Amino acid sequence: MSSTFVLFILFFMLICVVLFYVFTQQSLNDISSRLNRLQPAAPVARTPDVIRRERAYSHDQLVLLEADLRTTGREDLTEGEVQEIDKARKKIKICVDELKASGDWIGLPFDFEWTEILDRLPQVNTLYRKAIAEQTEGAQNPQIAAPAPVPAPAPAPQSRLSNPRR
């Protein structure tokens, strides 16, 4: 009887240990999932091909604009086109910086920087620089209205100390 009793106690302790382990694991999993929800997701590193495709898309937009300018023979850019060029410039610079930071920058003749891309688009380059110069010139020399005329000074009041009997 005593050996059965000892086996029963050992079996009961084994069940308690297993239950303790299961409940502890569930608590740890719950805590882990809560912490994962609180932490921001790590940014996914983009592959060089994805970065180059994004840069190529922006470059293609500029090439299309160059073709449009050549076919229409326009001598100026609209405000929307200047904004498109600025957006493409920023995107291309970001892509170039990303490629250089990741060590995947190949350089010429495969990877072009913004200035090299702009040099290959003479019409866009000329008109973009002209538009930027006009914008900066307008910002530096705003049209100022003519100054208001300065009123003539009022006559000085006579002093009590002056001699009225001259």
# chains A, B, ... in the order shown; residues from 1 in each chain; ligands from 1

call {"tool": "residues_around", "arguments": {"residues": "Glu75 in chain A", "least_positions_apart": "5", "cutoff": "12 Å", "atoms": "only C-alpha atoms", "output": "PyMOL selection string"}}
result
chain A and resi 66+68-70+123-128+130-131

call {"tool": "atom_distance", "arguments": {"atom1": "CA of Glu81 in chain A", "atom2": "CA of Pro48 in chain A"}}
result
28.2 Å

call {"tool": "closest_residue", "arguments": {"among": "A:Ala133, A:Val17, A:Leu121, A:Ala88", "to": "Ala56 in chain A", "atoms": "only C-alpha atoms"}}
result
A:Ala88

call {"tool": "atom_distance", "arguments": {"atom1": "CA of Trp114 in chain A", "atom2": "CA of Arg89 in chain A"}}
result
6.5 Å

call {"tool": "atom_distance", "arguments": {"atom1": "CA of Lys91 in chain A", "atom2": "CA of Ser58 in chain A"}}
result
7.0 Å

call {"tool": "select_by_dssp", "arguments": {"residues": "range 3-141 of chain A", "states": "alpha helix (DSSP H)", "output": "ChimeraX atom specification"}}
result
/A:3-38,48-72,79-102,114-119,122-140

call {"tool": "residues_around", "arguments": {"residues": "Asp104 in chain A", "least_positions_apart": "6", "cutoff": "12 Å", "atoms": "only C-alpha atoms", "output": "compact mmCIF listing (two decimals) with N, CA, C and O atoms, in the first residue's frame"}}
result
# COMPACT_ATOMS: atom_id res chain seq x y z
N ARG A 46 15.22 46.76 -49.35
CA ARG A 46 14.85 46.52 -50.73
C ARG A 46 16.04 45.98 -51.50
O ARG A 46 17.18 46.35 -51.23
N THR A 47 15.76 45.15 -52.46
CA THR A 47 16.83 44.59 -53.28
C THR A 47 17.30 45.64 -54.28
O THR A 47 16.55 46.56 -54.63
N PRO A 48 18.52 45.51 -54.77
CA PRO A 48 19.03 46.48 -55.75
C PRO A 48 18.17 46.53 -57.02
O PRO A 48 18.01 47.59 -57.62
N ASP A 49 17.60 45.40 -57.41
CA ASP A 49 16.76 45.39 -58.61
C ASP A 49 15.51 46.24 -58.42
O ASP A 49 15.09 46.96 -59.33
N VAL A 50 14.92 46.17 -57.24
CA VAL A 50 13.73 46.97 -56.96
C VAL A 50 14.09 48.45 -56.97
O VAL A 50 13.35 49.28 -57.53
N ILE A 51 15.20 48.78 -56.38
CA ILE A 51 15.64 50.18 -56.33
C ILE A 51 15.92 50.70 -57.75
O ILE A 51 15.50 51.80 -58.11
N ARG A 52 16.59 49.88 -58.55
CA ARG A 52 16.90 50.29 -59.93
C ARG A 52 15.63 50.42 -60.76
O ARG A 52 15.54 51.30 -61.61
N CYS A 95 17.09 56.86 -54.54
CA CYS A 95 17.51 55.54 -55.04
C CYS A 95 19.03 55.44 -55.15
O CYS A 95 19.61 54.41 -54.78
N VAL A 96 19.66 56.50 -55.63
CA VAL A 96 21.12 56.50 -55.75
C VAL A 96 21.76 56.38 -54.37
O VAL A 96 22.69 55.59 -54.16
N ASP A 97 21.26 57.16 -53.41
CA ASP A 97 21.80 57.10 -52.05
C ASP A 97 21.60 55.70 -51.44
O ASP A 97 22.48 55.20 -50.73
N GLU A 98 20.44 55.10 -51.72
CA GLU A 98 20.17 53.76 -51.19
C GLU A 98 21.13 52.73 -51.79
O GLU A 98 21.63 51.86 -51.08
N PHE A 110 26.30 51.85 -65.96
CA PHE A 110 25.08 51.17 -65.54
C PHE A 110 24.22 52.01 -64.60
O PHE A 110 23.00 51.99 -64.70
N ASP A 111 24.84 52.71 -63.69
CA ASP A 111 24.10 53.53 -62.73
C ASP A 111 24.45 54.99 -62.97
O ASP A 111 25.61 55.37 -63.03

call {"tool": "residues_around", "arguments": {"residues": "Asp60 in chain A", "least_positions_apart": "5", "cutoff": "12 Å", "atoms": "only C-alpha atoms", "output": "list in words"}}
result
Arg52, Arg53, Glu54, Arg55, Leu65, Glu66, Ala67, Glu84, Ile85, Ala88, Ile92, Ile117, Leu118 and Leu121 of chain A

call {"tool": "write_last_selection", "arguments": {"atoms": "all heavy atoms", "output": "compact mmCIF listing (two decimals), in the first residue's frame"}}
result
# COMPACT_ATOMS: atom_id res chain seq x y z
N ARG A 52 16.59 49.88 -58.55
CA ARG A 52 16.90 50.29 -59.93
C ARG A 52 15.63 50.42 -60.76
O ARG A 52 15.54 51.30 -61.61
CB ARG A 52 17.86 49.30 -60.56
CG ARG A 52 19.27 49.46 -60.04
CD ARG A 52 20.28 48.63 -60.82
NE ARG A 52 21.60 48.92 -60.34
CZ ARG A 52 22.25 48.19 -59.43
NH1 ARG A 52 21.68 47.12 -58.92
NH2 ARG A 52 23.45 48.53 -59.04
N ARG A 53 14.65 49.55 -60.53
CA ARG A 53 13.37 49.67 -61.26
C ARG A 53 12.66 50.97 -60.91
O ARG A 53 12.10 51.64 -61.77
CB ARG A 53 12.47 48.47 -60.95
CG ARG A 53 12.58 47.41 -61.99
CD ARG A 53 11.52 46.33 -61.80
NE ARG A 53 12.25 45.10 -61.57
CZ ARG A 53 12.20 44.37 -60.48
NH1 ARG A 53 11.41 44.70 -59.51
NH2 ARG A 53 12.91 43.28 -60.37
N GLU A 54 12.69 51.32 -59.64
CA GLU A 54 12.06 52.57 -59.20
C GLU A 54 12.76 53.77 -59.82
O GLU A 54 12.12 54.71 -60.29
CB GLU A 54 12.09 52.65 -57.68
CG GLU A 54 11.32 53.81 -57.11
CD GLU A 54 11.31 53.79 -55.61
OE1 GLU A 54 11.41 52.71 -55.00
OE2 GLU A 54 11.20 54.88 -55.03
N ARG A 55 14.08 53.73 -59.85
CA ARG A 55 14.85 54.82 -60.46
C ARG A 55 14.59 54.87 -61.97
O ARG A 55 14.43 55.95 -62.55
CB ARG A 55 16.34 54.63 -60.20
CG ARG A 55 17.18 55.81 -60.68
CD ARG A 55 18.63 55.51 -60.72
NE ARG A 55 18.85 54.39 -61.62
CZ ARG A 55 19.85 53.55 -61.51
NH1 ARG A 55 20.72 53.68 -60.55
NH2 ARG A 55 20.00 52.56 -62.36
N LEU A 65 8.80 63.18 -70.98
CA LEU A 65 8.66 64.63 -70.98
C LEU A 65 9.59 65.25 -72.03
O LEU A 65 9.20 66.17 -72.75
CB LEU A 65 8.95 65.20 -69.60
CG LEU A 65 8.86 66.71 -69.45
CD1 LEU A 65 7.45 67.20 -69.79
CD2 LEU A 65 9.24 67.13 -68.05
N GLU A 66 10.80 64.72 -72.14
CA GLU A 66 11.76 65.21 -73.14
C GLU A 66 11.19 65.00 -74.55
O GLU A 66 11.25 65.90 -75.39
CB GLU A 66 13.10 64.47 -72.99
CG GLU A 66 14.11 64.78 -74.06
CD GLU A 66 14.85 66.08 -73.84
OE1 GLU A 66 14.73 66.68 -72.76
OE2 GLU A 66 15.57 66.49 -74.77
N ALA A 67 10.63 63.83 -74.80
CA ALA A 67 10.04 63.56 -76.11
C ALA A 67 8.87 64.49 -76.40
O ALA A 67 8.73 65.00 -77.52
CB ALA A 67 9.59 62.10 -76.18
N GLU A 84 6.74 67.62 -61.37
CA GLU A 84 7.05 66.23 -61.74
C GLU A 84 8.56 66.02 -61.80
O GLU A 84 9.07 64.99 -61.35
CB GLU A 84 6.44 65.90 -63.10
CG GLU A 84 4.96 65.63 -63.08
CD GLU A 84 4.44 65.30 -64.47
OE1 GLU A 84 5.18 64.67 -65.25
OE2 GLU A 84 3.29 65.66 -64.75
N ILE A 85 9.27 66.99 -62.37
CA ILE A 85 10.73 66.87 -62.44
C ILE A 85 11.33 66.89 -61.04
O ILE A 85 12.24 66.10 -60.75
CB ILE A 85 11.32 68.00 -63.32
CG1 ILE A 85 10.86 67.84 -64.77
CG2 ILE A 85 12.84 68.00 -63.25
CD1 ILE A 85 11.21 69.01 -65.65
N ALA A 88 10.71 63.50 -59.54
CA ALA A 88 11.61 62.51 -60.13
C ALA A 88 13.03 62.70 -59.61
O ALA A 88 13.74 61.72 -59.33
CB ALA A 88 11.58 62.61 -61.65
N ILE A 92 15.06 59.84 -57.67
CA ILE A 92 16.32 59.34 -58.22
C ILE A 92 17.44 59.50 -57.21
O ILE A 92 18.25 58.59 -57.00
CB ILE A 92 16.64 60.06 -59.55
CG1 ILE A 92 15.67 59.57 -60.64
CG2 ILE A 92 18.08 59.82 -59.98
CD1 ILE A 92 15.71 60.37 -61.92
N ILE A 117 21.81 61.99 -65.49
CA ILE A 117 20.52 61.77 -66.14
C ILE A 117 20.04 63.07 -66.77
O ILE A 117 19.58 63.10 -67.93
CB ILE A 117 19.49 61.23 -65.14
CG1 ILE A 117 19.83 59.79 -64.76
CG2 ILE A 117 18.07 61.31 -65.70
CD1 ILE A 117 18.98 59.21 -63.66
N LEU A 118 20.16 64.17 -66.04
CA LEU A 118 19.70 65.46 -66.55
C LEU A 118 20.54 65.91 -67.75
O LEU A 118 20.01 66.52 -68.68
CB LEU A 118 19.75 66.50 -65.43
CG LEU A 118 18.91 67.75 -65.62
CD1 LEU A 118 17.45 67.40 -65.82
CD2 LEU A 118 19.05 68.67 -64.42
N LEU A 121 19.26 64.66 -71.08
CA LEU A 121 17.97 65.20 -71.50
C LEU A 121 18.12 66.71 -71.71
O LEU A 121 17.73 67.50 -70.85
CB LEU A 121 16.90 64.89 -70.46
CG LEU A 121 16.72 63.42 -70.08
CD1 LEU A 121 15.86 63.28 -68.84
CD2 LEU A 121 16.13 62.65 -71.24

call {"tool": "closest_residue", "arguments": {"among": "A:Glu116, A:Arg74, A:Lys87, A:Ser102", "to": "Tyr57 in chain A", "atoms": "only C-alpha atoms"}}
result
A:Lys87
